[in-house]
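**Student:** My structure file start11.cif, mmCIF, C-alpha atoms and all ligand atoms, is below:
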```
data_target
loop_
_atom_site.label_atom_id
_atom_site.label_comp_id
_atom_site.auth_asym_id
_atom_site.auth_seq_id
_atom_site.Cartn_x
_atom_site.Cartn_y
_atom_site.Cartn_z
CA ALA J 1373 -146.95 -66.95 139.31
CA GLY J 1374 -146.32 -65.28 142.66
CA GLY J 1375 -146.95 -66.96 146.01
CA GLY J 1376 -150.10 -66.81 148.11
CA SER J 1377 -153.65 -67.68 147.16
CA VAL J 1378 -155.11 -67.01 143.72
CA GLY J 1379 -157.01 -64.16 145.34
CA ASP J 1380 -153.74 -62.61 146.49
CA GLN J 1381 -152.17 -63.11 143.07
CA VAL J 1382 -154.98 -61.32 141.17
CA LYS J 1383 -155.74 -58.83 143.97
CA ARG J 1384 -159.23 -60.42 144.18
CA GLU J 1385 -160.16 -58.80 140.89
CA ILE J 1386 -162.01 -60.26 137.92
CA VAL J 1387 -161.49 -58.25 134.73
CA GLY J 1388 -164.93 -57.72 133.20
CA ILE J 1389 -166.39 -55.92 130.21
CA ASP J 1390 -169.12 -53.27 129.73
CA PRO J 1391 -171.48 -53.00 132.71
CA GLY J 1392 -174.65 -53.58 130.64
CA ALA J 1393 -173.57 -57.04 129.47
CA GLY J 1394 -175.59 -59.92 130.85
CA LEU J 1395 -172.26 -61.65 131.48
CA MET J 1396 -171.49 -58.97 134.06
CA LYS J 1397 -174.82 -59.51 135.83
CA GLN J 1398 -174.17 -63.25 135.88
CA THR J 1399 -170.65 -62.69 137.23
CA ALA J 1400 -171.94 -60.42 140.00
CA GLN J 1401 -174.35 -63.25 140.85
CA ALA J 1402 -171.45 -65.75 140.80
CA LEU J 1403 -169.57 -63.66 143.37
CA LYS J 1404 -172.63 -64.03 145.61
CA ASP J 1405 -173.27 -67.71 144.85
CA TYR J 1406 -169.65 -68.65 145.58
CA GLU J 1407 -169.37 -66.35 148.62
CA LEU J 1408 -166.66 -64.19 147.07
CA SER J 1409 -167.97 -60.96 148.60
CA ASP J 1410 -164.41 -59.61 149.04
CA TRP J 1411 -163.78 -59.90 145.28
CA LYS J 1412 -164.20 -57.02 142.81
CA LEU J 1413 -165.62 -57.27 139.30
CA VAL J 1414 -163.79 -54.62 137.26
CA GLU J 1415 -166.04 -52.90 134.70
CA GLY J 1416 -164.59 -51.72 131.39
CA SER J 1417 -165.05 -52.97 127.85
CA SER J 1418 -164.51 -56.01 125.71
CA ALA J 1419 -161.41 -54.36 124.22
CA ALA J 1420 -159.95 -53.41 127.62
CA MET J 1421 -160.50 -56.94 128.90
CA ALA J 1422 -158.69 -58.33 125.84
CA ALA J 1423 -155.78 -55.91 126.39
CA ALA J 1424 -155.46 -56.90 130.06
CA LEU J 1425 -155.53 -60.58 129.11
CA ASP J 1426 -152.86 -60.05 126.43
CA LYS J 1427 -150.57 -58.24 128.85
CA ALA J 1428 -150.92 -60.82 131.63
CA TYR J 1429 -150.57 -63.74 129.22
CA LYS J 1430 -147.35 -62.36 127.72
CA ASP J 1431 -145.84 -62.16 131.22
CA GLU J 1432 -147.46 -65.47 132.21
CA LYS J 1433 -149.13 -63.64 135.10
CA PRO J 1434 -152.36 -64.85 136.74
CA ILE J 1435 -155.58 -63.20 135.50
CA ILE J 1436 -159.29 -64.03 135.61
CA VAL J 1437 -161.56 -62.52 132.93
CA THR J 1438 -165.23 -62.73 132.02
CA GLY J 1439 -165.21 -64.74 128.80
CA TRP J 1440 -167.54 -66.16 126.20
CA THR J 1441 -167.60 -68.51 123.21
CA PRO J 1442 -167.35 -67.83 120.35
CA HIS J 1443 -164.33 -65.61 120.92
CA TRP J 1444 -161.01 -65.30 119.12
CA MET J 1445 -159.12 -65.37 122.45
CA PHE J 1446 -159.48 -69.17 122.57
CA ALA J 1447 -157.62 -69.39 119.26
CA LYS J 1448 -154.93 -66.93 120.32
CA TYR J 1449 -154.23 -68.12 123.87
CA LYS J 1450 -154.36 -71.43 125.79
CA LEU J 1451 -157.35 -70.70 128.04
CA LYS J 1452 -159.89 -72.65 130.08
CA TYR J 1453 -163.28 -71.92 131.63
CA LEU J 1454 -163.44 -72.29 135.41
CA GLU J 1455 -165.96 -74.99 136.30
CA ASP J 1456 -169.24 -73.56 137.56
CA PRO J 1457 -170.60 -76.33 139.83
CA LYS J 1458 -173.44 -74.08 141.09
CA GLY J 1459 -174.57 -73.44 137.51
CA THR J 1460 -174.63 -69.66 137.87
CA TYR J 1461 -173.79 -69.15 134.18
CA GLY J 1462 -176.54 -71.51 133.03
CA LYS J 1463 -176.32 -73.80 130.06
CA ASP J 1464 -175.08 -73.16 126.51
CA GLU J 1465 -177.19 -70.54 124.76
CA GLU J 1466 -178.04 -69.05 121.35
CA ILE J 1467 -177.59 -65.65 119.76
CA HIS J 1468 -180.87 -64.41 118.29
CA THR J 1469 -181.81 -61.92 115.61
CA VAL J 1470 -184.33 -59.36 116.91
CA VAL J 1471 -186.04 -56.76 114.74
CA ARG J 1472 -188.36 -53.81 115.34
CA ASN J 1473 -192.09 -54.31 114.91
CA GLY J 1474 -193.14 -53.37 111.40
CA LEU J 1475 -189.85 -54.17 109.71
CA LYS J 1476 -191.46 -56.93 107.63
CA ASP J 1477 -193.69 -54.36 105.88
CA ALA J 1478 -191.09 -51.61 105.79
CA ALA J 1479 -188.22 -53.68 104.35
CA PRO J 1480 -189.47 -57.15 103.34
CA SER J 1481 -186.25 -58.34 101.70
CA ALA J 1482 -184.09 -57.26 104.67
CA TYR J 1483 -186.57 -58.91 107.03
CA ALA J 1484 -186.37 -62.18 105.04
CA MET J 1485 -182.56 -62.08 104.90
CA LEU J 1486 -182.34 -61.42 108.65
CA ASP J 1487 -184.75 -64.29 109.24
CA ARG J 1488 -182.53 -66.62 107.21
CA PHE J 1489 -179.22 -65.38 108.64
CA GLU J 1490 -177.56 -68.20 110.58
CA TRP J 1491 -173.95 -69.33 110.86
CA THR J 1492 -171.72 -71.44 113.11
CA PRO J 1493 -169.30 -70.48 115.91
CA ASP J 1494 -166.42 -71.57 113.66
CA GLU J 1495 -167.60 -69.31 110.83
CA MET J 1496 -167.97 -66.38 113.21
CA ALA J 1497 -164.50 -67.12 114.65
CA VAL J 1498 -162.93 -66.64 111.20
CA VAL J 1499 -164.21 -63.06 111.02
CA MET J 1500 -163.47 -62.36 114.70
CA SER J 1501 -159.88 -63.57 114.34
CA ALA J 1502 -159.28 -61.47 111.21
CA ILE J 1503 -160.52 -58.40 113.11
CA ALA J 1504 -158.41 -59.30 116.17
CA ASP J 1505 -155.39 -59.52 113.83
CA GLY J 1506 -156.00 -55.90 112.85
CA LYS J 1507 -158.27 -56.16 109.79
CA ASP J 1508 -160.98 -53.51 109.50
CA PRO J 1509 -164.32 -55.15 110.50
CA ALA J 1510 -165.98 -54.26 107.18
CA GLU J 1511 -163.04 -55.72 105.24
CA ALA J 1512 -162.93 -58.88 107.36
CA ALA J 1513 -166.68 -59.31 106.83
CA ALA J 1514 -166.46 -58.65 103.09
CA GLN J 1515 -163.69 -61.23 102.79
CA TRP J 1516 -165.78 -63.84 104.63
CA VAL J 1517 -168.83 -63.12 102.46
CA GLN J 1518 -166.67 -63.46 99.35
CA ASP J 1519 -165.20 -66.76 100.61
CA ASN J 1520 -168.68 -68.04 101.55
CA ALA J 1521 -170.66 -66.70 98.62
CA ALA J 1522 -172.90 -69.77 98.40
CA LYS J 1523 -174.06 -69.31 101.99
CA ALA J 1524 -174.63 -65.58 101.50
CA ASP J 1525 -176.56 -66.30 98.28
CA GLU J 1526 -178.89 -68.61 100.23
CA TRP J 1527 -179.69 -65.77 102.62
CA VAL J 1528 -180.94 -63.58 99.77
CA LYS J 1529 -182.22 -66.17 97.28
CA GLU J 1530 -185.18 -64.86 95.25
CA LEU J 1531 -185.41 -61.67 97.33
CA PRO J 1532 -185.94 -58.47 95.33
CA GLY J 1533 -183.34 -55.77 95.93
CA GLU J 1534 -184.41 -52.54 97.63
CA ALA J 1535 -181.72 -50.27 96.28
CA GLY J 1536 -180.96 -47.25 98.41
CA LYS J 1537 -183.42 -48.06 101.18
CA LYS J 1538 -181.91 -47.13 104.56
CA LEU J 1539 -181.52 -49.60 107.45
CA LYS J 1540 -180.00 -49.22 110.89
CA LEU J 1541 -178.40 -52.16 112.72
CA ALA J 1542 -177.70 -51.75 116.44
CA TYR J 1543 -174.91 -53.68 118.15
CA VAL J 1544 -172.69 -53.70 121.24
CA ALA J 1545 -168.89 -53.68 120.75
CA TRP J 1546 -168.49 -57.32 121.70
CA ASP J 1547 -166.05 -59.04 119.38
CA SER J 1548 -168.68 -61.59 118.39
CA GLU J 1549 -171.30 -58.98 117.47
CA ILE J 1550 -168.84 -56.73 115.63
CA ALA J 1551 -168.24 -59.74 113.38
CA SER J 1552 -171.86 -60.77 112.84
CA THR J 1553 -173.22 -57.24 112.39
CA ASN J 1554 -170.61 -56.41 109.75
CA VAL J 1555 -171.32 -59.64 107.84
CA VAL J 1556 -175.04 -58.83 107.79
CA LYS J 1557 -174.29 -55.28 106.59
CA GLN J 1558 -172.08 -56.58 103.79
CA VAL J 1559 -174.82 -58.92 102.53
CA LEU J 1560 -177.69 -56.42 102.85
CA GLU J 1561 -175.66 -53.81 100.97
CA GLY J 1562 -173.84 -56.03 98.50
CA ARG J 1563 -176.71 -58.26 97.46
CA LEU J 1564 -179.86 -56.28 98.18
CA GLY J 1565 -178.69 -52.69 97.70
CA TYR J 1566 -179.63 -51.32 101.15
CA LYS J 1567 -177.75 -48.43 102.73
CA VAL J 1568 -176.93 -49.88 106.16
CA ASP J 1569 -175.83 -47.72 109.10
CA LEU J 1570 -174.30 -49.40 112.15
CA MET J 1571 -175.16 -47.95 115.57
CA GLN J 1572 -172.69 -49.03 118.29
CA VAL J 1573 -174.34 -48.70 121.71
CA GLU J 1574 -174.50 -50.40 125.11
CA ALA J 1575 -176.79 -53.42 125.54
CA GLY J 1576 -179.64 -51.48 127.19
CA PRO J 1577 -179.86 -48.80 124.48
CA MET J 1578 -179.55 -51.52 121.81
CA TRP J 1579 -182.72 -53.25 123.04
CA ALA J 1580 -184.43 -49.90 123.66
CA GLY J 1581 -183.56 -48.80 120.12
CA ILE J 1582 -185.28 -51.84 118.63
CA ALA J 1583 -188.28 -51.39 120.93
CA ASN J 1584 -188.75 -47.70 120.05
CA GLY J 1585 -188.01 -48.27 116.37
CA SER J 1586 -184.95 -46.04 116.20
CA ALA J 1587 -183.01 -49.16 115.16
CA ASP J 1588 -184.32 -51.71 112.67
CA ALA J 1589 -182.53 -54.87 113.77
CA MET J 1590 -179.79 -56.47 115.84
CA VAL J 1591 -178.13 -59.86 115.68
CA ALA J 1592 -176.86 -59.63 119.28
CA ALA J 1593 -179.53 -61.10 121.56
CA TRP J 1594 -177.99 -63.70 123.88
CA LEU J 1595 -180.86 -65.93 124.97
CA PRO J 1596 -182.57 -67.40 126.88
CA THR J 1597 -180.62 -66.40 130.01
CA THR J 1598 -178.04 -63.69 129.32
CA HIS J 1599 -180.45 -61.09 127.91
CA GLU J 1600 -183.53 -62.35 129.73
CA ASP J 1601 -184.03 -58.99 131.49
CA TYR J 1602 -184.15 -57.06 128.24
CA PHE J 1603 -186.21 -59.82 126.55
CA GLU J 1604 -188.84 -59.50 129.27
CA LYS J 1605 -188.66 -55.70 129.66
CA TYR J 1606 -189.44 -55.01 125.98
CA LYS J 1607 -191.71 -58.01 125.32
CA GLY J 1608 -194.21 -57.14 122.58
CA GLN J 1609 -192.05 -54.28 121.33
CA TYR J 1610 -189.85 -56.38 119.05
CA GLU J 1611 -189.96 -59.49 116.90
CA ASP J 1612 -187.59 -62.36 117.76
CA LEU J 1613 -186.57 -64.06 114.49
CA GLY J 1614 -184.81 -66.90 116.31
CA ALA J 1615 -181.20 -68.07 116.54
CA ASN J 1616 -178.49 -66.90 114.16
CA LEU J 1617 -175.85 -68.90 116.05
CA ILE J 1618 -176.18 -71.92 118.35
CA GLY J 1619 -173.73 -73.18 120.99
CA THR J 1620 -172.49 -70.19 122.95
CA LYS J 1621 -170.94 -70.34 126.41
CA LEU J 1622 -170.20 -67.75 129.09
CA GLY J 1623 -168.15 -67.87 132.26
CA LEU J 1624 -164.89 -67.08 134.02
CA VAL J 1625 -161.82 -67.75 131.90
CA VAL J 1626 -158.19 -68.13 132.94
CA PRO J 1627 -154.92 -69.02 131.15
CA GLU J 1628 -154.15 -72.75 131.29
CA TYR J 1629 -150.92 -71.96 133.16
CA MET J 1630 -153.04 -71.26 136.25
CA GLU J 1631 -153.64 -74.35 138.40
CA ILE J 1632 -157.19 -73.51 139.49
CA SER J 1633 -159.99 -75.37 137.69
CA SER J 1634 -163.20 -74.22 139.39
CA ILE J 1635 -164.80 -71.01 140.63
CA GLU J 1636 -164.85 -72.83 144.00
CA ASP J 1637 -161.01 -72.59 144.02
CA LEU J 1638 -161.19 -68.80 144.31
CA LYS J 1639 -162.46 -69.05 147.85
CA THR J 1640 -159.15 -70.23 149.29
C1 LIG J 1701 -170.70 -60.39 126.42
S1 LIG J 1701 -171.72 -61.60 125.69
C2 LIG J 1701 -171.21 -61.35 123.97
C3 LIG J 1701 -173.33 -60.82 125.78
C4 LIG J 1701 -173.70 -60.36 127.15
O1 LIG J 1701 -173.10 -60.83 128.11
O2 LIG J 1701 -174.59 -59.50 127.28
#
```
Could you render the structure as structure tokens?
**Tutor:**
Amino acid sequence: AGGGSVGDQVKREIVGIDPGAGLMKQTAQALKDYELSDWKLVEGSSAAMAAALDKAYKDEKPIIVTGWTPHWMFAKYKLKYLEDPKGTYGKDEEIHTVVRNGLKDAAPSAYAMLDRFEWTPDEMAVVMSAIADGKDPAEAAAQWVQDNAAKADEWVKELPGEAGKKLKLAYVAWDSEIASTNVVKQVLEGRLGYKVDLMQVEAGPMWAGIANGSADAMVAAWLPTTHEDYFEKYKGQYEDLGANLIGTKLGLVVPEYMEISSIEDLKT
């Protein structure tokens, strides 16, 4: 890595993702909390962040990205979270399933399956990694469902099929939610006969779509902190079916070849 401070080496830039992500709001807050007003949070997308990380890592160059667990990047690269002594990023969280009001009557079997849907960070990582290695998301999800048939069967046990009924799942193109949304689609279609459309949007329109009923469900609500603003803004206009994954983490992530260990170290 070149000389000078970490700030000099990364041009005081943190490579972020889509602007609507709660992780970006938390990172903007971290720049304030840690008095890093001369730093810039670069907006882009989950895919662009991954590409920037890949390029820097290959050249063993310094880089700081907004990161989260579960994510395939921790399997692909040797990375570490910067310590967050001020607690800006909060504690570990959950990903919740949120559906539109009225879904229980409109599509009872889908509602029940979505209510039962729950898996672990390791299970999600299998699908995420397959997609990161170039597999089509639907194929990676279908493979996982096939390899975990018993679990998928539990999600639909004793539920009557609703062949041909249409459903729309909203999601944001975060690697974690591409994986979970495709797995849910595979099970709803394969085992209950639904025709599931996937609507890829930003986080704001995803929550708005559930609230106004233009989308039926999403498995992408990061709570209690990350999506708190949306959770409060649309309160009463959705039904929270609880966690579908427990043990997430968000923060600033760097390759292990960088010496820094805390967000405090960026100030130098
Ligand atoms: C990018 S995390 C998957 C979710 C969020 O920060 O909004």
**Student:** From the list J:Ala1502, J:Val1470, J:Val1573, J:Leu1638, which residue is nearest J:Lys1607 when using only C-alpha atoms?
**Tutor:**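 Distance minimum relative to J:Lys1607 lands on J:Val1470.
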**Student:** Applying 10 Å and all atoms listed in the file, which residues near J:Asp1426 remain after dropping the ones on its own chain fewer than 6 positions away? List them as a VMD selection string.
**Tutor:** chain J and resid 1420 1432 1435 1445 1448 to 1449
**Student:** Nearest to ligand LIG 1701 (chain J) among J:Trp1594, J:Trp1579, J:Trp1491, J:Tyr1461, with distances taken over only C-alpha atoms and all ligand atoms: which residue is it?
**Tutor:**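 Using only C-alpha atoms and all ligand atoms, ligand LIG 1701 (chain J) sits closest to J:Trp1594.
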**Student:** Would you kindly return, as a PyMOL selection string, each protein, DNA or RNA residue with an atom no farther than 6 Å from any atom of J:Lys1452, considering all atoms listed in the file and excluding same-chain residues fewer than 2 positions away?
**Tutor:** chain J and resi 1625-1626+1628
**Student:** For C-alpha atoms, I'd like the residues from the last selection saved as a PDB file, keeping the file's coordinate frame.
**Tutor:**
```pdb
ATOM      1  CA  VAL J1625    -161.820 -67.750 131.900  1.00  0.00           C
ATOM      2  CA  VAL J1626    -158.190 -68.130 132.940  1.00  0.00           C
ATOM      3  CA  GLU J1628    -154.150 -72.750 131.290  1.00  0.00           C
TER       4      GLU J1628
END
```
**Student:** Which one of J:Asp1588, J:Glu1385, J:Asp1456, J:Glu1574 sits closest to ligand LIG 1701 (chain J) if you count all atoms listed in the file?
**Tutor:** J:Glu1574
**Student:** My list of candidates is J:Ala1535, J:Ala1545, J:Ala1551, J:Leu1560. Which is closest to J:Met1485 when distances are computed with all atoms listed in the file?
**Tutor:**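 Result for the nearest residue to J:Met1485: J:Leu1560.
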**Student:** Can you tell me which residues sit at most 10 Å away from ligand LIG 1701 (chain J), counting only C-alpha atoms and all ligand atoms, written as an MDAnalysis selection string?
**Tutor:** chainID J and resid 1388:1399 1417:1418 1438:1443 1467 1544:1550 1574:1576 1592:1595 1597:1600 1602 1620:1623
**Student:** How would the residues just picked look written out with C-alpha atoms as an mmCIF file, in the frame of the given file?
**Tutor:**
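Printed below is result.cif as written:
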```cif
data_model
loop_
_atom_site.group_PDB
_atom_site.id
_atom_site.type_symbol
_atom_site.label_atom_id
_atom_site.label_comp_id
_atom_site.auth_asym_id
_atom_site.auth_seq_id
_atom_site.Cartn_x
_atom_site.Cartn_y
_atom_site.Cartn_z
ATOM 1 C CA GLY J 1388 -164.930 -57.720 133.200
ATOM 2 C CA ILE J 1389 -166.390 -55.920 130.210
ATOM 3 C CA ASP J 1390 -169.120 -53.270 129.730
ATOM 4 C CA PRO J 1391 -171.480 -53.000 132.710
ATOM 5 C CA GLY J 1392 -174.650 -53.580 130.640
ATOM 6 C CA ALA J 1393 -173.570 -57.040 129.470
ATOM 7 C CA GLY J 1394 -175.590 -59.920 130.850
ATOM 8 C CA LEU J 1395 -172.260 -61.650 131.480
ATOM 9 C CA MET J 1396 -171.490 -58.970 134.060
ATOM 10 C CA LYS J 1397 -174.820 -59.510 135.830
ATOM 11 C CA GLN J 1398 -174.170 -63.250 135.880
ATOM 12 C CA THR J 1399 -170.650 -62.690 137.230
ATOM 13 C CA SER J 1417 -165.050 -52.970 127.850
ATOM 14 C CA SER J 1418 -164.510 -56.010 125.710
ATOM 15 C CA THR J 1438 -165.230 -62.730 132.020
ATOM 16 C CA GLY J 1439 -165.210 -64.740 128.800
ATOM 17 C CA TRP J 1440 -167.540 -66.160 126.200
ATOM 18 C CA THR J 1441 -167.600 -68.510 123.210
ATOM 19 C CA PRO J 1442 -167.350 -67.830 120.350
ATOM 20 C CA HIS J 1443 -164.330 -65.610 120.920
ATOM 21 C CA ILE J 1467 -177.590 -65.650 119.760
ATOM 22 C CA VAL J 1544 -172.690 -53.700 121.240
ATOM 23 C CA ALA J 1545 -168.890 -53.680 120.750
ATOM 24 C CA TRP J 1546 -168.490 -57.320 121.700
ATOM 25 C CA ASP J 1547 -166.050 -59.040 119.380
ATOM 26 C CA SER J 1548 -168.680 -61.590 118.390
ATOM 27 C CA GLU J 1549 -171.300 -58.980 117.470
ATOM 28 C CA ILE J 1550 -168.840 -56.730 115.630
ATOM 29 C CA GLU J 1574 -174.500 -50.400 125.110
ATOM 30 C CA ALA J 1575 -176.790 -53.420 125.540
ATOM 31 C CA GLY J 1576 -179.640 -51.480 127.190
ATOM 32 C CA ALA J 1592 -176.860 -59.630 119.280
ATOM 33 C CA ALA J 1593 -179.530 -61.100 121.560
ATOM 34 C CA TRP J 1594 -177.990 -63.700 123.880
ATOM 35 C CA LEU J 1595 -180.860 -65.930 124.970
ATOM 36 C CA THR J 1597 -180.620 -66.400 130.010
ATOM 37 C CA THR J 1598 -178.040 -63.690 129.320
ATOM 38 C CA HIS J 1599 -180.450 -61.090 127.910
ATOM 39 C CA GLU J 1600 -183.530 -62.350 129.730
ATOM 40 C CA TYR J 1602 -184.150 -57.060 128.240
ATOM 41 C CA THR J 1620 -172.490 -70.190 122.950
ATOM 42 C CA LYS J 1621 -170.940 -70.340 126.410
ATOM 43 C CA LEU J 1622 -170.200 -67.750 129.090
ATOM 44 C CA GLY J 1623 -168.150 -67.870 132.260
#
```
**Student:** As an exercise, work out the distance from atom CA of J:Val1471 to atom CA of J:Pro1493 in Å and give it to one decimal place.
**Tutor:**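 Distance reported for this atom pair: 21.7 Å.
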**Student:** Using only C-alpha atoms, which residue out of J:Leu1531, J:Leu1413, J:Ala1583, J:Val1499 lies closest to J:Gln1401?
**Tutor:**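 Distance minimum relative to J:Gln1401 lands on J:Leu1413.
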**Student:** Using all atoms listed in the file, can you tell me which of J:Val1559, J:Ala1587, J:Ala1424, J:Asn1473 comes closest to J:Ala1522?
**Tutor:**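 Among J:Val1559, J:Ala1587, J:Ala1424, J:Asn1473, it is J:Val1559 that comes nearest to J:Ala1522.
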**Student:** I'd like the box whose edges run along x, y and z of the file and which contains every listed atom of stretch 1429-1432 of chain J, padded by 6 Å per side; could you state its centre and edge lengths in Å, one decimal, as lines of an AutoDock Vina configuration file?
**Tutor:**
```
center_x = -148.2
center_y = -63.8
center_z = 130.0
size_x = 16.7
size_y = 15.3
size_z = 16.5
```
**Student:** Could you state the separation of atom CA of J:Ala1428 and atom CA of J:Asp1410 in Å, given to one decimal place?
**Tutor:** 22.1 Å
**Student:** Using Å and a single decimal, report how far atom CA of J:Val1591 sits from atom CA of J:Asn1616.
**Tutor:**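 Separating atom CA of J:Asn1616 from atom CA of J:Val1591 is a distance of 7.2 Å.
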**Student:** Please tell me which residues are no farther than 7 Å from (-183.7, -52.0, 113.0) in the file, counting all atoms listed in the file, and write them as a list in words.
**Tutor:**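 Residues lying no farther than 7 Å from the given point: Val1471, Arg1472, Leu1539, Lys1540, Leu1541, Ala1542, Ile1582, Gly1585, Ser1586, Ala1587, Asp1588, Ala1589 and Met1590 of chain J.
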**Student:** I'd like the neighbourhood of J:Trp1411 as a list in words, where a residue qualifies if any of its atoms comes within 9 Å (using all atoms listed in the file), though same-chain residues fewer than 3 positions away should be ignored.
**Tutor:**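 That gives Gly1379, Lys1383, Arg1384, Glu1385, Ile1386, Leu1403 and Leu1408 of chain J.
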